[in-house]
$ cat my_file-v1.cif   # mmCIF, C-alpha atoms and all ligand atoms
data_entry
loop_
_atom_site.label_atom_id
_atom_site.label_comp_id
_atom_site.auth_asym_id
_atom_site.auth_seq_id
_atom_site.Cartn_x
_atom_site.Cartn_y
_atom_site.Cartn_z
CA MET A 1 -15.17 17.10 20.32
CA ALA A 2 -11.48 16.68 20.93
CA ALA A 3 -8.71 16.22 18.45
CA ALA A 4 -7.58 12.63 18.64
CA ARG A 5 -3.88 12.04 19.04
CA GLY A 6 -1.91 9.81 16.77
CA LEU A 7 -4.10 10.16 13.74
CA GLY A 8 -1.25 11.51 11.67
CA PRO A 9 -0.25 15.07 11.07
CA VAL A 10 -1.54 15.38 7.53
CA LEU A 11 -5.25 15.06 8.03
CA ARG A 12 -7.41 17.55 9.80
CA TYR A 13 -10.20 15.65 11.38
CA ASN A 14 -11.69 15.86 14.81
CA VAL A 15 -13.02 12.73 16.40
CA VAL A 16 -14.11 11.63 19.83
CA VAL A 17 -11.57 9.02 20.90
CA SER A 18 -14.22 6.73 22.37
CA ASP A 19 -15.69 6.48 18.88
CA LEU A 20 -12.59 4.66 17.65
CA CYS A 21 -13.03 1.08 16.47
CA PRO A 22 -10.34 -1.47 17.53
CA CYS A 23 -9.01 -1.04 13.97
CA ALA A 24 -8.04 2.50 15.17
CA ARG A 25 -10.37 4.25 12.76
CA PRO A 26 -13.23 6.39 13.92
CA LYS A 27 -16.40 4.35 13.51
CA ALA A 28 -17.56 6.64 10.72
CA LEU A 29 -14.54 5.45 8.71
CA CYS A 30 -14.46 1.84 9.86
CA VAL A 31 -14.62 -0.77 7.12
CA CYS A 32 -13.87 -3.72 9.36
CA PRO A 33 -14.76 -6.97 7.62
CA GLU A 34 -17.94 -8.83 8.17
CA GLY A 35 -17.88 -12.45 7.18
CA PRO A 36 -15.05 -14.86 6.53
CA PRO A 37 -11.69 -13.67 5.19
CA LEU A 38 -10.87 -14.00 1.52
CA ALA A 39 -8.92 -17.15 0.68
CA ASN A 40 -5.67 -16.08 -0.99
CA ALA A 41 -3.28 -18.80 -2.11
CA THR A 42 -0.33 -16.38 -2.38
CA ALA A 43 0.57 -15.12 1.10
CA VAL A 44 0.99 -11.36 1.52
CA LEU A 45 3.47 -9.70 3.86
CA VAL A 46 3.19 -5.94 4.20
CA LEU A 47 6.29 -4.25 5.62
CA GLN A 48 5.12 -1.00 7.13
CA HIS A 49 7.45 1.89 7.87
CA PRO A 50 6.93 2.92 11.51
CA GLN A 51 6.30 6.50 10.48
CA GLU A 52 3.50 5.57 8.09
CA GLN A 53 0.88 7.05 10.35
CA ASP A 54 -2.12 7.48 8.16
CA LYS A 55 -4.42 5.62 10.47
CA LEU A 56 -7.46 7.11 8.78
CA LEU A 57 -6.76 6.24 5.18
CA GLY A 58 -3.89 3.74 5.36
CA THR A 59 -4.68 0.39 3.81
CA ALA A 60 -2.23 -2.18 5.24
CA GLY A 61 -4.60 -3.06 8.07
CA ILE A 62 -7.47 -3.64 5.66
CA VAL A 63 -5.29 -6.03 3.65
CA ALA A 64 -4.34 -7.96 6.79
CA ARG A 65 -7.90 -8.21 8.07
CA ARG A 66 -9.50 -9.10 4.73
CA LEU A 67 -7.11 -11.76 3.53
CA ALA A 68 -6.80 -15.16 5.18
CA ARG A 69 -3.04 -15.26 4.60
CA ALA A 70 -1.65 -11.78 5.15
CA ARG A 71 0.43 -10.13 7.84
CA VAL A 72 1.70 -6.64 8.55
CA ALA A 73 5.17 -6.21 10.07
CA VAL A 74 5.90 -2.71 11.38
CA GLY A 75 9.55 -1.72 11.54
CA LEU A 76 12.60 -0.56 9.66
CA SER A 77 14.63 -3.71 9.22
CA TRP A 78 14.47 -7.44 9.70
CA ARG A 79 17.18 -10.07 9.45
CA GLY A 80 15.32 -11.83 6.70
CA LEU A 81 11.97 -12.90 5.33
CA ALA A 82 11.34 -15.53 8.02
CA GLN A 83 11.81 -13.00 10.80
CA ALA A 84 9.54 -10.48 9.12
CA TRP A 85 6.87 -13.06 8.36
CA GLY A 86 7.18 -14.70 11.78
CA ASP A 87 7.49 -18.28 10.53
CA ALA A 88 9.91 -20.39 8.55
CA VAL A 89 9.46 -19.66 4.86
CA GLU A 90 11.59 -20.32 1.80
CA PRO A 91 12.71 -16.94 0.38
CA ALA A 92 13.31 -18.44 -3.07
CA THR A 93 9.54 -18.94 -3.39
CA TRP A 94 8.65 -15.37 -2.47
CA GLY A 95 8.53 -12.20 -4.51
CA VAL A 96 8.55 -8.50 -3.74
CA LEU A 97 6.65 -5.67 -5.35
CA TYR A 98 9.49 -3.56 -6.63
CA LEU A 99 9.38 0.23 -6.40
CA GLY A 100 10.91 1.09 -9.70
CA SER A 101 8.66 1.82 -12.64
CA VAL A 102 9.06 -0.24 -15.75
CA ARG A 103 8.02 -0.09 -19.34
CA ALA A 104 5.76 -3.10 -19.68
CA PRO A 105 6.50 -5.42 -22.60
CA ALA A 106 3.77 -5.55 -25.24
CA GLY A 107 0.92 -7.78 -24.16
CA ALA A 108 2.09 -7.94 -20.54
CA GLY A 109 -0.44 -7.59 -17.75
CA PRO A 110 -0.10 -5.25 -14.78
CA LEU A 111 2.42 -7.49 -13.01
CA VAL A 112 5.82 -7.71 -14.69
CA ALA A 113 8.59 -10.01 -13.46
CA LEU A 114 11.97 -8.28 -13.52
CA SER A 115 15.56 -9.36 -13.47
CA ARG A 116 17.84 -8.12 -10.67
CA GLY A 117 18.90 -5.47 -13.13
CA GLY A 118 15.33 -4.24 -13.39
CA THR A 119 14.52 -5.34 -16.92
CA PRO A 120 11.47 -7.50 -17.75
CA LEU A 121 12.28 -11.22 -17.81
CA ALA A 122 11.73 -13.15 -21.02
CA ASP A 123 10.10 -15.99 -19.08
CA GLN A 124 7.29 -14.25 -17.22
CA GLY A 125 5.46 -17.50 -16.48
CA GLY A 126 8.54 -19.09 -14.96
CA ALA A 127 8.92 -16.21 -12.50
CA ARG A 128 5.43 -16.90 -11.17
CA GLU A 129 5.81 -20.64 -10.95
CA GLY A 130 5.62 -21.93 -7.40
CA LEU A 131 5.33 -18.41 -5.99
CA GLN A 132 4.25 -18.78 -2.36
CA GLY A 133 4.13 -15.21 -1.17
CA LEU A 134 4.59 -11.57 -1.96
CA VAL A 135 6.08 -8.70 0.03
CA ALA A 136 4.64 -5.18 -0.32
CA LEU A 137 6.21 -2.03 1.16
CA ASP A 138 3.85 0.35 2.93
CA GLY A 139 4.61 4.02 3.47
CA SER A 140 5.30 7.15 1.51
CA TRP A 141 7.62 6.92 -1.47
CA SER A 142 10.67 7.84 0.61
CA GLN A 143 9.65 5.55 3.48
CA ALA A 144 9.23 2.63 1.07
CA LYS A 145 12.65 3.36 -0.43
CA ALA A 146 14.15 3.36 3.08
CA LEU A 147 12.61 -0.07 3.73
CA TRP A 148 14.04 -1.36 0.47
CA TRP A 149 17.58 -0.23 1.26
CA ARG A 150 17.53 -1.28 4.90
CA ASN A 151 16.50 -4.84 4.06
CA PRO A 152 19.03 -6.24 1.60
CA TRP A 153 17.32 -9.65 1.70
CA LEU A 154 14.48 -8.08 -0.30
CA SER A 155 16.76 -7.77 -3.31
CA ARG A 156 17.18 -11.56 -3.32
CA LEU A 157 13.45 -12.24 -3.70
CA ARG A 158 11.77 -12.55 -7.08
CA ARG A 159 11.12 -9.07 -8.29
CA PHE A 160 7.82 -7.85 -9.70
CA ALA A 161 6.84 -4.39 -10.87
CA LEU A 162 3.27 -3.19 -11.08
CA VAL A 163 2.05 -1.30 -14.08
CA PRO A 164 -1.28 0.13 -12.91
CA ALA A 165 -3.80 0.63 -15.68
CA ALA A 166 -5.46 3.52 -13.83
CA PRO A 167 -4.47 6.07 -11.20
CA SER A 168 -5.06 5.36 -7.51
CA LEU A 169 -8.61 5.78 -6.24
CA TYR A 170 -7.15 7.94 -3.46
CA GLY A 171 -7.38 10.85 -5.87
CA GLU A 172 -7.30 14.14 -3.98
CA LEU A 173 -7.23 12.38 -0.59
CA ARG A 174 -3.58 11.52 -0.78
CA ARG A 175 -0.82 13.01 -2.85
CA GLU A 176 1.91 10.70 -3.94
CA ALA A 177 5.39 11.50 -5.12
CA ARG A 178 4.71 9.67 -8.34
CA ASP A 179 1.68 9.75 -10.56
CA ASP A 180 1.72 5.98 -10.97
CA ALA A 181 1.78 5.29 -7.23
CA VAL A 182 -1.16 3.30 -5.91
CA SER A 183 -2.10 2.36 -2.36
CA THR A 184 -0.72 -0.80 -0.79
CA LEU A 185 -4.19 -2.34 -0.98
CA GLU A 186 -4.61 -1.52 -4.66
CA ALA A 187 -1.16 -2.94 -5.40
CA VAL A 188 -1.88 -6.17 -3.51
CA ALA A 189 -5.31 -6.52 -5.14
CA MET A 190 -3.84 -6.02 -8.61
CA ALA A 191 -1.05 -8.51 -7.99
CA LEU A 192 -3.33 -11.19 -6.51
CA VAL A 193 -5.85 -10.94 -9.35
CA GLU A 194 -2.99 -11.43 -11.78
CA LEU A 195 -1.38 -14.30 -9.89
CA GLU A 196 -4.50 -16.19 -8.92
CA ARG A 197 -6.71 -15.31 -11.88
CA ASP A 198 -9.49 -14.58 -9.40
CA PRO A 199 -11.22 -11.24 -9.98
CA ALA A 200 -13.46 -11.88 -6.95
CA LEU A 201 -10.40 -11.75 -4.74
CA GLY A 202 -9.51 -8.32 -6.07
CA GLU A 203 -13.07 -7.11 -5.74
CA GLY A 204 -13.23 -8.43 -2.17
CA LEU A 205 -10.23 -6.25 -1.33
CA MET A 206 -11.24 -3.21 -3.33
CA ALA A 207 -14.81 -3.01 -2.00
CA PRO A 208 -13.84 -1.91 1.54
CA PHE A 209 -11.25 0.50 0.10
CA ARG A 210 -13.88 2.17 -2.07
CA ASP A 211 -16.19 2.22 0.94
CA LEU A 212 -13.46 3.87 3.05
CA LEU A 213 -12.82 6.57 0.44
CA ALA A 214 -16.54 7.26 0.01
CA ARG A 215 -16.89 7.64 3.78
CA ALA A 216 -13.84 9.89 3.95
CA ARG A 217 -15.24 12.14 1.22
CA ALA A 218 -18.65 12.19 2.89
CA GLN A 219 -16.90 13.30 6.10
CA GLY A 220 -15.24 16.14 4.25
CA LEU A 221 -11.77 14.71 4.80
CA ARG A 222 -9.06 16.11 2.63
CA HIS A 223 -5.34 15.90 2.42
CA GLY A 224 -3.59 18.66 4.34
CA ALA A 225 0.02 18.13 3.26
CA GLY A 226 1.82 19.90 0.49
CA PRO A 227 2.23 18.33 -2.92
CA GLY A 228 4.79 15.63 -3.44
CA PRO A 229 8.11 16.54 -5.04
CA ASN A 230 7.23 15.32 -8.52
CA ARG A 231 3.72 16.54 -8.65
CA ARG A 232 2.20 19.74 -9.77
CA PRO A 233 0.54 21.64 -6.95
CA ASN A 234 -3.15 20.97 -6.93
CA VAL A 235 -4.42 22.83 -3.93
CA ARG A 236 -7.26 25.21 -3.53
CA ARG A 237 -6.40 28.82 -4.11
CA ARG A 238 -6.92 29.96 -0.56
CA ASP A 239 -4.47 27.32 0.66
CA ARG A 240 -1.79 28.14 -1.80
CA ARG A 241 0.01 30.95 -0.05
CA SER A 242 0.78 28.96 3.07
CA ARG A 243 1.89 25.89 1.18
CA LEU A 244 4.25 27.16 -1.46
ZN ZN B 301 -12.97 -0.98 12.50
#
$ encode --input "my_file-v1.cif" --output "structure tokens"
Amino acid sequence: MAAARGLGPVLRYNVVVSDLCPCARPKALCVCPEGPPLANATAVLVLQHPQEQDKLLGTAGIVARRLARARVAVGLSWRGLAQAWGDAVEPATWGVLYLGSVRAPAGAGPLVALSRGGTPLADQGGAREGLQGLVALDGSWSQAKALWWRNPWLSRLRRFALVPAAPSLYGELRREARDDAVSTLEAVAMALVELERDPALGEGLMAPFRDLLARARAQGLRHGAGPGPNRRPNVRRRDRRSRL
């Protein structure tokens, strides 16, 4: 057994490199799709920070492989939406999953349309009308913030905030800076179910994610990084001295 390079510094996991699937996961953790991709009407563009290196548990690749209309762009900045997406698109018909948290208006679902000032819009339906695509930012909290600030064109897209009803299924496998942070895949699944009123689409995305986490837990994988800045330490006692 040799430690594989490039699997990210935060996970301790030894794999034989020849056991890697083309998706870059060891075969024991591969959830590559079988069967046709899921038909999503709303296109999904994931902007991935180049230092998001969680190749074992990252979810952007799963989103791109599972959905018929989804792409991942890796980088720090793009001139605009068309360059990031790789084709001519009309930015006015696209939205972005905003990073800020929001107090959802009464009766609102998990996807709340916001004004540029960050307050919920009165006309939620209007904000969704004719929506062609959605941008999601992939990386840690600080990496996602960097992507937001380095791409001013994002602030001109329609703005949506997610209000997750439950914490991320990552659980102990990944610590986030914020308790309401969910994985890119969970965010995309939640948004698409809301926009397309198609629970099967969400389930089709969530199934491989649940499978991945079950495999990771069965392999004894655990997060090796310290707790995020806004989170209470939740590490095993014997680890505590070296972390804090
Ligand atoms: Zn694979």
$ closest_atom_pairs --input "my_file-v1.cif" --of "chain A" --to "ligand ZN 301 (chain B)" --cutoff "10 Å" --atoms "only C-alpha atoms and all ligand atoms" --output "tab-separated table"
residue	atom	partner	partner_atom	distance
A:Leu20	CA	B:ZN301	ZN	7.6
A:Cys21	CA	B:ZN301	ZN	4.5
A:Pro22	CA	B:ZN301	ZN	5.7
A:Cys23	CA	B:ZN301	ZN	4.2
A:Ala24	CA	B:ZN301	ZN	6.6
A:Arg25	CA	B:ZN301	ZN	5.8
A:Pro26	CA	B:ZN301	ZN	7.5
A:Lys27	CA	B:ZN301	ZN	6.4
A:Ala28	CA	B:ZN301	ZN	9.1
A:Leu29	CA	B:ZN301	ZN	7.6
A:Cys30	CA	B:ZN301	ZN	4.1
A:Val31	CA	B:ZN301	ZN	5.6
A:Cys32	CA	B:ZN301	ZN	4.3
A:Pro33	CA	B:ZN301	ZN	7.9
A:Gly61	CA	B:ZN301	ZN	9.7
A:Ile62	CA	B:ZN301	ZN	9.2
A:Arg65	CA	B:ZN301	ZN	9.9
$ atom_distance --input "my_file-v1.cif" --atom1 "CA of Arg116 (chain A)" --atom2 "CA of Ala161 (chain A)"
11.6 Å
$ axis_aligned_box --input "my_file-v1.cif" --around "region 130-149 of chain A" --padding-each-side "5 Å" --output "lines of an AutoDock Vina configuration file"
center_x = 10.7
center_y = -7.0
center_z = -1.8
size_x = 23.7
size_y = 39.8
size_z = 21.1
$ closest_residue --input "my_file-v1.cif" --among "A:Thr119, A:Ser168, A:Gln48, A:Ser155" --to "Val72 (chain A)" --atoms "all atoms listed in the file"
A:Gln48
$ residues_around --input "my_file-v1.cif" --residues "Val163 (chain A)" --least-positions-apart "4" --cutoff "12 Å" --atoms "all atoms listed in the file" --output "PDB file with C-alpha atoms, in the coordinates of the input"
ATOM      1  CA  LEU A  97       6.650  -5.670  -5.350  1.00  0.00           C
ATOM      2  CA  TYR A  98       9.490  -3.560  -6.630  1.00  0.00           C
ATOM      3  CA  LEU A  99       9.380   0.230  -6.400  1.00  0.00           C
ATOM      4  CA  GLY A 100      10.910   1.090  -9.700  1.00  0.00           C
ATOM      5  CA  SER A 101       8.660   1.820 -12.640  1.00  0.00           C
ATOM      6  CA  VAL A 102       9.060  -0.240 -15.750  1.00  0.00           C
ATOM      7  CA  ARG A 103       8.020  -0.090 -19.340  1.00  0.00           C
ATOM      8  CA  ALA A 104       5.760  -3.100 -19.680  1.00  0.00           C
ATOM      9  CA  PRO A 105       6.500  -5.420 -22.600  1.00  0.00           C
ATOM     10  CA  ALA A 108       2.090  -7.940 -20.540  1.00  0.00           C
ATOM     11  CA  GLY A 109      -0.440  -7.590 -17.750  1.00  0.00           C
ATOM     12  CA  PRO A 110      -0.100  -5.250 -14.780  1.00  0.00           C
ATOM     13  CA  LEU A 111       2.420  -7.490 -13.010  1.00  0.00           C
ATOM     14  CA  VAL A 112       5.820  -7.710 -14.690  1.00  0.00           C
ATOM     15  CA  ALA A 113       8.590 -10.010 -13.460  1.00  0.00           C
ATOM     16  CA  PRO A 120      11.470  -7.500 -17.750  1.00  0.00           C
ATOM     17  CA  PRO A 167      -4.470   6.070 -11.200  1.00  0.00           C
ATOM     18  CA  SER A 168      -5.060   5.360  -7.510  1.00  0.00           C
ATOM     19  CA  ASP A 179       1.680   9.750 -10.560  1.00  0.00           C
ATOM     20  CA  ASP A 180       1.720   5.980 -10.970  1.00  0.00           C
ATOM     21  CA  ALA A 181       1.780   5.290  -7.230  1.00  0.00           C
ATOM     22  CA  VAL A 182      -1.160   3.300  -5.910  1.00  0.00           C
ATOM     23  CA  GLU A 186      -4.610  -1.520  -4.660  1.00  0.00           C
ATOM     24  CA  ALA A 187      -1.160  -2.940  -5.400  1.00  0.00           C
ATOM     25  CA  MET A 190      -3.840  -6.020  -8.610  1.00  0.00           C
ATOM     26  CA  ALA A 191      -1.050  -8.510  -7.990  1.00  0.00           C
ATOM     27  CA  GLU A 194      -2.990 -11.430 -11.780  1.00  0.00           C
TER      28      GLU A 194
END
$ closest_residue --input "my_file-v1.cif" --among "A:Val135, A:Ala218, A:Ala165, A:Ala146" --to "Thr42 (chain A)" --atoms "all atoms listed in the file"
A:Val135
$ closest_residue --input "my_file-v1.cif" --among "A:Ala84, A:Val46, A:Leu67, A:Leu157" --to "Ser183 (chain A)" --atoms "only C-alpha atoms"
A:Val46
$ decode --input "my_file-v1.cif" --residues "region 93-106 of chain A" --atoms "N, CA and C atoms" --output "PDB file, in the first residue's frame"
ATOM      1  N   THR A  93     -30.796  35.339 -17.567  1.00  0.00           N
ATOM      2  CA  THR A  93     -31.667  34.191 -17.310  1.00  0.00           C
ATOM      3  C   THR A  93     -31.022  33.188 -16.354  1.00  0.00           C
ATOM      4  N   TRP A  94     -29.899  33.565 -15.772  1.00  0.00           N
ATOM      5  CA  TRP A  94     -29.218  32.659 -14.847  1.00  0.00           C
ATOM      6  C   TRP A  94     -29.256  33.211 -13.427  1.00  0.00           C
ATOM      7  N   GLY A  95     -29.161  32.284 -12.483  1.00  0.00           N
ATOM      8  CA  GLY A  95     -29.093  32.667 -11.081  1.00  0.00           C
ATOM      9  C   GLY A  95     -27.842  32.108 -10.433  1.00  0.00           C
ATOM     10  N   VAL A  96     -27.573  32.548  -9.229  1.00  0.00           N
ATOM     11  CA  VAL A  96     -26.430  32.035  -8.467  1.00  0.00           C
ATOM     12  C   VAL A  96     -26.899  31.705  -7.053  1.00  0.00           C
ATOM     13  N   LEU A  97     -26.360  30.605  -6.538  1.00  0.00           N
ATOM     14  CA  LEU A  97     -26.659  30.262  -5.146  1.00  0.00           C
ATOM     15  C   LEU A  97     -25.768  31.122  -4.260  1.00  0.00           C
ATOM     16  N   TYR A  98     -26.398  32.031  -3.592  1.00  0.00           N
ATOM     17  CA  TYR A  98     -25.705  33.056  -2.804  1.00  0.00           C
ATOM     18  C   TYR A  98     -25.201  32.444  -1.496  1.00  0.00           C
ATOM     19  N   LEU A  99     -24.089  33.010  -0.996  1.00  0.00           N
ATOM     20  CA  LEU A  99     -23.458  32.420   0.185  1.00  0.00           C
ATOM     21  C   LEU A  99     -24.080  32.885   1.488  1.00  0.00           C
ATOM     22  N   GLY A 100     -24.628  34.075   1.462  1.00  0.00           N
ATOM     23  CA  GLY A 100     -25.143  34.620   2.705  1.00  0.00           C
ATOM     24  C   GLY A 100     -26.331  33.833   3.213  1.00  0.00           C
ATOM     25  N   SER A 101     -26.487  33.788   4.516  1.00  0.00           N
ATOM     26  CA  SER A 101     -27.669  33.114   5.053  1.00  0.00           C
ATOM     27  C   SER A 101     -28.792  34.136   5.144  1.00  0.00           C
ATOM     28  N   VAL A 102     -29.996  33.649   5.161  1.00  0.00           N
ATOM     29  CA  VAL A 102     -31.141  34.537   5.102  1.00  0.00           C
ATOM     30  C   VAL A 102     -32.235  33.980   5.999  1.00  0.00           C
ATOM     31  N   ARG A 103     -32.994  34.876   6.552  1.00  0.00           N
ATOM     32  CA  ARG A 103     -34.161  34.434   7.311  1.00  0.00           C
ATOM     33  C   ARG A 103     -35.305  34.255   6.319  1.00  0.00           C
ATOM     34  N   ALA A 104     -35.722  32.999   6.141  1.00  0.00           N
ATOM     35  CA  ALA A 104     -36.736  32.724   5.117  1.00  0.00           C
ATOM     36  C   ALA A 104     -38.072  33.332   5.510  1.00  0.00           C
ATOM     37  N   PRO A 105     -38.766  33.954   4.534  1.00  0.00           N
ATOM     38  CA  PRO A 105     -40.096  34.460   4.828  1.00  0.00           C
ATOM     39  C   PRO A 105     -41.037  33.299   5.163  1.00  0.00           C
ATOM     40  N   ALA A 106     -42.058  33.575   5.935  1.00  0.00           N
ATOM     41  CA  ALA A 106     -43.003  32.526   6.330  1.00  0.00           C
ATOM     42  C   ALA A 106     -43.565  31.844   5.086  1.00  0.00           C
TER      43      ALA A 106
END
